[in-house]
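Worksheet for the structure shown next.
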Amino acid sequence: MTSATEPSTPVTIAPFPPETIATFLAFCAGDWLALRSRFNLEEGRDEARQAEEEEVSWHSSERGDLQVTYLAPQELDGPGGLEISPPSGGRHRLLFQPDGGFQSQDPDGAVSTGRWQLWPDGSLELTSERAGTSVRERIWFTKANLRLRSSVEHHPDGRPGRASFSSEIRRVSRPAS
């Protein structure tokens, strides 16, 4: 036990919000309780016309546990990556490069590439394209234990496709008594 006169070891606290891509990725690691709402904007527009006649379902939401693991960089100057285990199962990997690129591998093994940008407000923006459809996702922390994500898909002609919004609360374990 340390007495009041003994010097204590200083505790290093990471800046909030994270200021580099490596600290942002490390900050994402943990167990999260996620609530995600999905919107199919195309169906919403077309089915809104029929809304008076029948029940329309262009929106869905799900709740579940999300596990995020930080992957140490494979290269000395690399920021690292994330392995994400969503409630629906499988593992999604994102590997980030220092030049602003990233590689994504979905649970089925399909690989895609994209660009990342860490904005001055502490939010991370991911942009990718697949078969002409572009997806822009933004991830940010409002507090150390609250992470928000939004994603919008656009077709080649500029029409919006699908969108989602997630709020994720970090699960913390109680200290052992």
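Residues are referred to by chain and number: the chain letter is A, B, ... according to the order shown in the structure tokens, the number counts from 1 in that chain, and ligands are numbered separately from 1 in the order shown.
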I'd like the contact shell of Leu94 (chain A) - 7 Å cut-off, only C-alpha atoms, skipping same-chain residues fewer than 3 positions apart - returned as a PyMOL selection string.
chain A and resi 81-83+102-105
Residues of the last selection are to be written out with C-alpha atoms, as a tab-separated table (two decimals), in the first residue's frame.
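Output contents, as saved in again-v8.tsv:
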chain	number	residue	atom	x	y	z
A	81	GLY	CA	-6.95	-2.08	-37.84
A	82	LEU	CA	-10.19	-3.32	-36.34
A	83	GLU	CA	-11.91	-6.68	-36.22
A	102	PHE	CA	-8.08	1.07	-45.97
A	103	GLN	CA	-8.94	-2.49	-46.90
A	104	SER	CA	-12.15	-4.14	-45.75
A	105	GLN	CA	-12.90	-7.86	-45.62
Would you list the contacts of Trp119 (chain A) as a list in words, taking every protein, DNA or RNA residue within 9 Å and counting only C-alpha atoms, but skipping same-chain residues closer than 5 positions in sequence?
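Surrounding residues, per the criterion: Glu19, Leu124 and Glu125 of chain A.
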Please return as a PyMOL selection string: the residues of chain A that backbone DSSP assigns to strand (DSSP E).
chain A and resi 30-40+59-71+80-85+92-96+101-105+111-118+124-130+133-143+146-154+160-170
Nearest candidate to Lys143 (chain A) (options A:Pro98, A:Gly122, A:Pro79, A:Pro87; using only C-alpha atoms)
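Among A:Pro98, A:Gly122, A:Pro79, A:Pro87, it is A:Gly122 that comes nearest to Lys143 (chain A).
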Taking into account only C-alpha atoms, which residue in the set A:Arg171, A:Arg149, A:His155, A:Arg115 is nearest to Ser37 (chain A)?
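Ranking A:Arg171, A:Arg149, A:His155, A:Arg115 by distance to Ser37 (chain A), first place goes to A:Arg149.
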Proximity to Arg159 (chain A) - best of A:Val111, A:Leu76, A:Leu41, A:Val68, only C-alpha atoms
A:Leu41
Please return as a PyMOL selection string: the residues of chain A that backbone DSSP assigns to alpha helix (DSSP H).
chain A and resi 21-28+41-48
Which residue gives the smallest distance to Gly158 (chain A) among A:Thr23, A:His92, A:Val135, A:Arg170, with only C-alpha atoms counted?
A:Val135
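The protein and nucleic acid residues lying at most 8 Å from Arg136 (chain A) are Glu125, Leu126, Thr127, Ser128, Ser134, Arg138, Ser151, Val152 and Glu153 of chain A, with only C-alpha atoms considered and sequence neighbours fewer than 2 positions away removed.
Distances from A:Ala22, A:Gly161, A:Ala34, A:Asp108 to Arg147 (chain A) were compared using only C-alpha atoms, and the smallest one belongs to A:Ala34.
The neighbours of Thr20 (chain A) here are the residues that come within 12 Å of it, using only C-alpha atoms and leaving out any residue fewer than 3 positions away in the same chain; they are A:Ala14, A:Pro15, A:Phe16, A:Pro17, A:Thr23, A:Phe24, A:Leu25, A:Ala26, A:Phe27, A:Gly78, A:Pro79, A:Gly80, A:Pro98, A:Gly100, A:Trp116, A:Gln117, A:Leu118, A:Trp119, A:Pro120, A:Asp121, A:Gly122, A:Ser123, A:Leu124.
CA of Ile139 (chain A) lies 15.0 Å from CA of Gly114 (chain A).
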Nearest to Thr142 (chain A): which of A:Ser112, A:Ser167, A:Ser173, A:Gln97 is it, counting only C-alpha atoms?
A:Ser167
